[in-house]
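Here the structure comes first, spelled out in structure tokens, and everything after it is commentary.
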Amino acid sequence: MKKLILLAIIGLGIVSCTTQNTINTMDLPKDWKHTTNIYEVNVRQYTQEGTFKAFEKEMPRLKKMGVKTLWFMPITPIARQNKKGSLGSPYAASDYTSVNPEFGTLNDFKHMVNEAHRLGFKVIIDWVANHTGWDHIWTKTHSEFYLKDPDGKFHIASGMDDIIELDYKNQEMRLAMIDAMKFWVKETGIDGFRCDLASWVEVDFWEQARPEVEKIKPLFWLGEFDELESPEYGKVFDASYSWKWMHKSADYYKKNEPLQELKDLLVKYSNIGDASMRAWFTTNHDENSWNGTEYEKYGTITKPMAVFSATWNGVPLLYSGQELPNMKRLEFFEKDVIKWTNTFQMAEFYKTLLELKASNPALKGGDAKVSTYLLNTTANDKILAYIRKNGKDEVLVVLNMSKGPVDFTIEDENLSGTFRNIFDRTKRDFDSGKYFTFKVSDYAVFEK
């Protein structure tokens with residue numbers, strides 16, 4: 001086991017080497033992108049009203065919690081033909097340059113974006129480029145924009161019969177899509193896009209679209225794809241999803257798979273390099289609705305997994321209601337408001353982590369100056385321990401990934417000196433001992 005851990009350390013030690021295969025239009029991320037976090041807003045389920053105006057009232061609370069970037073699920077009108085449920089899917093658009101009246105008006109959205117900017121947030125919107133709903137305006141004005149089956153009918157997107165796929169061989173359609181993206185940047189001042197099913201769209205479209213849209217202003221681009229599976233997309237996007245990690249970590253907990261397999265996967269992600277980043281999360285709109293809450297997936301390691309998401313190399317991503325915590329699956333095609341309370345039991349937990357992410361240089365995502373090392377312990381099959389270093393700044397993270405208590409010692413030369421625990425603010429000199437006693441669900445985060 002110790003030999004395997006040392007190999008992991010070697011693999012992660014080279015995380016500071018930056019790959020050079022980026023396209024000309026993709027500079028290294030601006031500084032705010034290195035330190036940001038993302039909070040996904042499900043407008044429909046966030047408030048009883050389900051509007052931009054109602055959500056706007058929640059933004060000061062989220063600012064206090066340390067949220068930096070707000071990601072809004074699709075804000076465009078929803079197609080009515082072949083819709084699912086009574087309200088339909090936000091991912092089945094009927095028009096790319098209008099606002100879903102369920103949420104309010106374009107002016108309401110502009111006002112909310114302006115207020116978000118005043119409070120210091122960045123704002124990104126969900127962009128669904130692969131497909132539209134059946135009665136999207138283009139089906140009537142430009143039916144040639146769509147893929148067709150041999151019988152001439154619109155081609156249904158894989159596994160989802162409420163949406164139809166666009167034809168990216170059509171150059172006119174590409175230009176219309178880019179113009180639609182420009183509309184939101186010019187008209188509302190948003191700061192970027194979360195691109196739905198980005199790898200279902202040809203990569204050369206994103207290579208074409210990004211520099212064109214960024215003639216207006218630099219933007220943040222988050223793509224829904226895993227760079228281990230689609231490395232060519234990493235040359236275009238600032239950050240991507242960590243699907244393999246999410247599925248593997250869920251299997252680890254539910255199927256009692258070896259922890260070493262998770263550590264090996266982290267080495268693979270780190271070997272991608274720092275020209276792009278990964279987004280780490282325990283839940284999102286799809287996971288919550290279809291696969292269960294984070295507590296269903298991760299049980300006793302839910303909080304350790306949340307700590308990991310906020311401290312590993314990349315961008316932490318939260319979903320509406322995690323600050324409660326939200327313990328229910330939200331309906332996707334119906335109104336199903338989050339059951340808010342005034343307690344927000346997890347808000348302080350997330351605030352502590354998000355503020356550390358934003359302030360400590362050792363936690364910068366996608367920064368070649370930061371090195372990350374897995375640490376050897378006497379319980380390598382139960383404990384995930386790592387240290388991130390950027391010059392004199394260091395952050396130590398220790399997570400109990402088992403279903404029981406663990407007594408263990410960190411045995412690694414990469415850990416030395418005095419650190420401060422960010423949660424209880426006590427100091428600890430690791431030159432005097434590296435022994436831990438962890439209960440179930442325990443975690444510890446220290447900064448030097």
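In the structure tokens, each chain is lettered A, B, ... as it comes, each chain's residues begin at 1, and ligands are numbered from 1 in order of appearance.
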
Checklist entry - In region 16-199 of chain A, what's strand (DSSP E or B) per DSSP? Answer as a VMD selection string? => result chain A and resid 38 to 41 69 to 72 78 93 122 to 127 131 to 133 146 148 154 156 to 157 160 to 166 192 to 195

Between region 248-322 of chain A and region 378-395 of chain A, at 12 Å or less, what are the per-residue closest atom pairs and their distances in Å? Count only C-alpha atoms, order by chain and rising residue number, and return it as a Markdown table.
```
| residue | atom | partner | partner_atom | distance |
| --- | --- | --- | --- | --- |
| A:Tyr252 | CA | A:Lys382 | CA | 11.2 |
| A:Tyr253 | CA | A:Lys382 | CA | 11.2 |
| A:Asn256 | CA | A:Asp381 | CA | 10.9 |
| A:Glu257 | CA | A:Asp381 | CA | 10.0 |
| A:Pro258 | CA | A:Asp381 | CA | 6.9 |
| A:Leu259 | CA | A:Asp381 | CA | 5.5 |
| A:Gln260 | CA | A:Asp381 | CA | 6.7 |
| A:Glu261 | CA | A:Asp381 | CA | 10.0 |
| A:Leu262 | CA | A:Leu384 | CA | 9.3 |
| A:Lys263 | CA | A:Leu384 | CA | 8.0 |
| A:Asp264 | CA | A:Leu384 | CA | 11.8 |
| A:Leu266 | CA | A:Leu384 | CA | 11.1 |
| A:Ile301 | CA | A:Lys382 | CA | 11.1 |
| A:Pro304 | CA | A:Leu384 | CA | 9.3 |
| A:Met305 | CA | A:Leu384 | CA | 10.2 |
| A:Val307 | CA | A:Leu384 | CA | 11.2 |
| A:Phe308 | CA | A:Leu384 | CA | 9.2 |
| A:Ala310 | CA | A:Val395 | CA | 11.8 |
| A:Thr311 | CA | A:Val395 | CA | 8.4 |
| A:Trp312 | CA | A:Arg388 | CA | 8.2 |
| A:Asn313 | CA | A:Arg388 | CA | 8.6 |
```

Next on the checklist: Quick one: residues within 10 Å of Thr426 (chain A), only C-alpha atoms, excluding same-chain residues fewer than 6 positions away - as a PyMOL selection string?
Outcome noted: chain A and resi 419-420+446

Next on the checklist: What's around Ile124 (chain A) at 8 Å? Count only C-alpha atoms, leave out sequence neighbours fewer than 5 positions away in its own chain, and write the answer as a ChimeraX atom specification.
Outcome noted: /A:69-72,190-194,220

Dump as a short mmCIF file (atom, residue, chain, number, x, y, z; two decimals), in the first residue's frame, selection limited to N, CA and C atoms:
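Final output, selection-v4.cif:
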```
data_model
loop_
_atom_site.label_atom_id
_atom_site.label_comp_id
_atom_site.auth_asym_id
_atom_site.auth_seq_id
_atom_site.Cartn_x
_atom_site.Cartn_y
_atom_site.Cartn_z
N THR A 69 -19.80 33.10 -7.47
CA THR A 69 -20.39 33.07 -8.81
C THR A 69 -21.75 32.39 -8.75
N LEU A 70 -22.76 33.04 -9.33
CA LEU A 70 -24.11 32.48 -9.40
C LEU A 70 -24.33 31.89 -10.79
N TRP A 71 -24.68 30.61 -10.84
CA TRP A 71 -25.02 29.96 -12.11
C TRP A 71 -26.53 29.73 -12.13
N PHE A 72 -27.19 30.33 -13.10
CA PHE A 72 -28.63 30.17 -13.23
C PHE A 72 -28.95 29.09 -14.26
N ILE A 190 -23.89 39.50 -18.41
CA ILE A 190 -23.47 38.29 -17.71
C ILE A 190 -21.97 38.07 -17.88
N ASP A 191 -21.41 37.18 -17.04
CA ASP A 191 -19.97 36.98 -16.99
C ASP A 191 -19.52 35.64 -17.55
N GLY A 192 -20.46 34.87 -18.11
CA GLY A 192 -20.04 33.60 -18.68
C GLY A 192 -21.18 32.64 -18.86
N PHE A 193 -20.81 31.41 -19.25
CA PHE A 193 -21.78 30.38 -19.56
C PHE A 193 -21.40 29.06 -18.91
N ARG A 194 -22.40 28.35 -18.46
CA ARG A 194 -22.27 26.94 -18.12
C ARG A 194 -22.88 26.20 -19.30
N PHE A 220 -16.25 33.59 -18.35
CA PHE A 220 -15.94 32.31 -17.71
C PHE A 220 -16.75 31.23 -18.42
#
```

Checklist entry - Which neighbours of Ala116 (chain A) fall inside 9 Å, counting only C-alpha atoms, when residues of the same chain fewer than 4 positions from it are skipped, and could you give them as a VMD selection string? => result chain A and resid 56 59 to 60 70 111 to 112 120 to 123

Checklist entry - With only C-alpha atoms as the basis for distance, which of A:Tyr295, A:Phe55, A:Trp184, A:Tyr46 is at the shortest distance from Ala250 (chain A)? => result A:Tyr295

Checklist entry - To one decimal place, how far is CA of Ser270 (chain A) from CA of Gly366 (chain A) in Å? => result 9.9 Å

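Compared by their closest atoms to Phe205 (chain A), and using only C-alpha atoms, the residues A:Leu330, A:Leu375, A:Ala444, A:Ala176 rank with A:Ala176 nearest.
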
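CA of Ile75 (chain A) is found 15.0 Å from CA of Glu49 (chain A).
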
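With only C-alpha atoms as the atoms that count, the residue of A:Pro101, A:Lys153, A:Gly50, A:Thr36 with the shortest distance to Leu363 (chain A) is A:Thr36.
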
Next on the checklist: For the structure I just gave you, how does DSSP split region 52-201 of chain A - specifically, which residues are alpha helix (DSSP H)? Reply as a ChimeraX atom specification.
Outcome noted: /A:52-56,59-65,106-119,137-141,171-188

Mind writing the picked residues with C-alpha atoms as a short mmCIF file (atom, residue, chain, number, x, y, z; two decimals), in the first residue's frame?
```cif
data_model
loop_
_atom_site.label_atom_id
_atom_site.label_comp_id
_atom_site.auth_asym_id
_atom_site.auth_seq_id
_atom_site.Cartn_x
_atom_site.Cartn_y
_atom_site.Cartn_z
CA PHE A 52 -35.87 36.52 -10.42
CA LYS A 53 -37.30 39.20 -8.14
CA ALA A 54 -37.88 36.70 -5.36
CA PHE A 55 -34.41 35.20 -5.70
CA GLU A 56 -32.83 38.64 -5.67
CA MET A 59 -28.47 37.20 -2.65
CA PRO A 60 -27.23 39.11 0.45
CA ARG A 61 -27.48 35.85 2.43
CA LEU A 62 -25.46 34.00 -0.20
CA LYS A 63 -22.87 36.76 -0.29
CA LYS A 64 -22.50 36.42 3.49
CA MET A 65 -21.99 32.68 3.01
CA LEU A 106 -35.93 40.49 -19.36
CA ASN A 107 -35.84 43.69 -17.31
CA ASP A 108 -36.27 41.63 -14.14
CA PHE A 109 -33.26 39.54 -15.13
CA LYS A 110 -31.20 42.62 -15.97
CA HIS A 111 -32.07 44.16 -12.61
CA MET A 112 -31.06 40.97 -10.82
CA VAL A 113 -27.73 40.79 -12.69
CA ASN A 114 -27.01 44.44 -11.89
CA GLU A 115 -27.77 43.83 -8.22
CA ALA A 116 -25.60 40.70 -8.23
CA HIS A 117 -22.72 42.71 -9.69
CA ARG A 118 -23.25 45.44 -7.09
CA LEU A 119 -22.93 42.81 -4.37
CA ILE A 137 -38.87 29.35 -33.07
CA TRP A 138 -36.16 27.93 -35.36
CA THR A 139 -38.33 24.89 -36.17
CA LYS A 140 -40.66 27.30 -37.98
CA THR A 141 -38.19 29.81 -39.41
CA GLN A 171 -22.79 27.18 -40.71
CA GLU A 172 -25.73 29.57 -40.64
CA MET A 173 -27.07 27.85 -37.54
CA ARG A 174 -23.68 28.19 -35.84
CA LEU A 175 -23.66 31.93 -36.48
CA ALA A 176 -27.22 32.26 -35.19
CA MET A 177 -26.24 30.38 -32.02
CA ILE A 178 -23.24 32.65 -31.49
CA ASP A 179 -25.41 35.72 -32.03
CA ALA A 180 -27.83 34.43 -29.40
CA MET A 181 -25.00 34.02 -26.90
CA LYS A 182 -23.77 37.52 -27.68
CA PHE A 183 -27.28 38.83 -26.99
CA TRP A 184 -27.11 37.86 -23.32
CA VAL A 185 -23.63 39.30 -22.82
CA LYS A 186 -24.47 42.61 -24.51
CA GLU A 187 -27.99 43.02 -23.15
CA THR A 188 -27.55 41.80 -19.57
#
```

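Non-sequential neighbours of Glu232 (chain A) (distance at most 8 Å, separation of 4 or more positions within a chain, only C-alpha atoms) are Val203, Glu227 and Val236 of chain A.
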
Would you save the residues of that selection, restricted to all heavy atoms, as a short mmCIF file (atom, residue, chain, number, x, y, z; two decimals), in the first residue's frame?
```cif
data_model
loop_
_atom_site.label_atom_id
_atom_site.label_comp_id
_atom_site.auth_asym_id
_atom_site.auth_seq_id
_atom_site.Cartn_x
_atom_site.Cartn_y
_atom_site.Cartn_z
N VAL A 203 -16.45 20.12 -30.95
CA VAL A 203 -15.53 21.00 -30.24
C VAL A 203 -15.17 22.22 -31.07
O VAL A 203 -14.94 23.31 -30.53
CB VAL A 203 -14.26 20.23 -29.82
CG1 VAL A 203 -13.41 19.84 -31.03
CG2 VAL A 203 -13.43 21.05 -28.84
N GLU A 227 -12.96 15.94 -18.65
CA GLU A 227 -11.78 16.09 -19.49
C GLU A 227 -10.98 14.80 -19.63
O GLU A 227 -10.21 14.64 -20.58
CB GLU A 227 -10.89 17.21 -18.97
CG GLU A 227 -9.94 17.75 -20.02
CD GLU A 227 -9.28 19.07 -19.63
OE1 GLU A 227 -9.73 19.70 -18.66
OE2 GLU A 227 -8.33 19.45 -20.32
N VAL A 236 -10.61 24.55 -24.68
CA VAL A 236 -11.51 25.68 -24.91
C VAL A 236 -12.10 26.21 -23.61
O VAL A 236 -12.26 27.43 -23.45
CB VAL A 236 -12.66 25.28 -25.85
CG1 VAL A 236 -13.49 26.51 -26.26
CG2 VAL A 236 -12.14 24.57 -27.09
#
```

Could I get the residues of region 222-266 of chain A with an atom no further than 12 Å from an atom of region 284-289 of chain A, each paired with its nearest atom pair and that distance in Å to one decimal, using only C-alpha atoms, sorted by chain and residue number, as a Markdown table?
```
| residue | atom | partner | partner_atom | distance |
| --- | --- | --- | --- | --- |
| A:Glu224 | CA | A:Asp286 | CA | 11.7 |
| A:Tyr241 | CA | A:Asn284 | CA | 11.2 |
| A:Trp243 | CA | A:Glu287 | CA | 10.8 |
| A:Met246 | CA | A:Glu287 | CA | 9.8 |
| A:His247 | CA | A:Glu287 | CA | 10.3 |
| A:Ala250 | CA | A:Glu287 | CA | 11.2 |
```

Store the residues of this selection in a file with C-alpha atoms, as a PDB file, in the first residue's frame.
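Result went into part18.pdb, see below:
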```pdb
ATOM      1  CA  GLU A 224     -20.471  19.877 -18.838  1.00  0.00           C
ATOM      2  CA  TYR A 241     -17.074  18.512 -14.763  1.00  0.00           C
ATOM      3  CA  TRP A 243     -18.119  13.045 -13.635  1.00  0.00           C
ATOM      4  CA  MET A 246     -18.539  11.791  -8.772  1.00  0.00           C
ATOM      5  CA  HIS A 247     -19.615   8.333  -9.941  1.00  0.00           C
ATOM      6  CA  ALA A 250     -20.530   7.229  -4.959  1.00  0.00           C
TER       7      ALA A 250
END
```

Checklist entry - Could you pull the residues within 7 Å of Gly314 (chain A), counting only C-alpha atoms, minus those fewer than 2 positions along the same chain, as a ChimeraX atom specification? => result /A:277-280,312,316,365-366
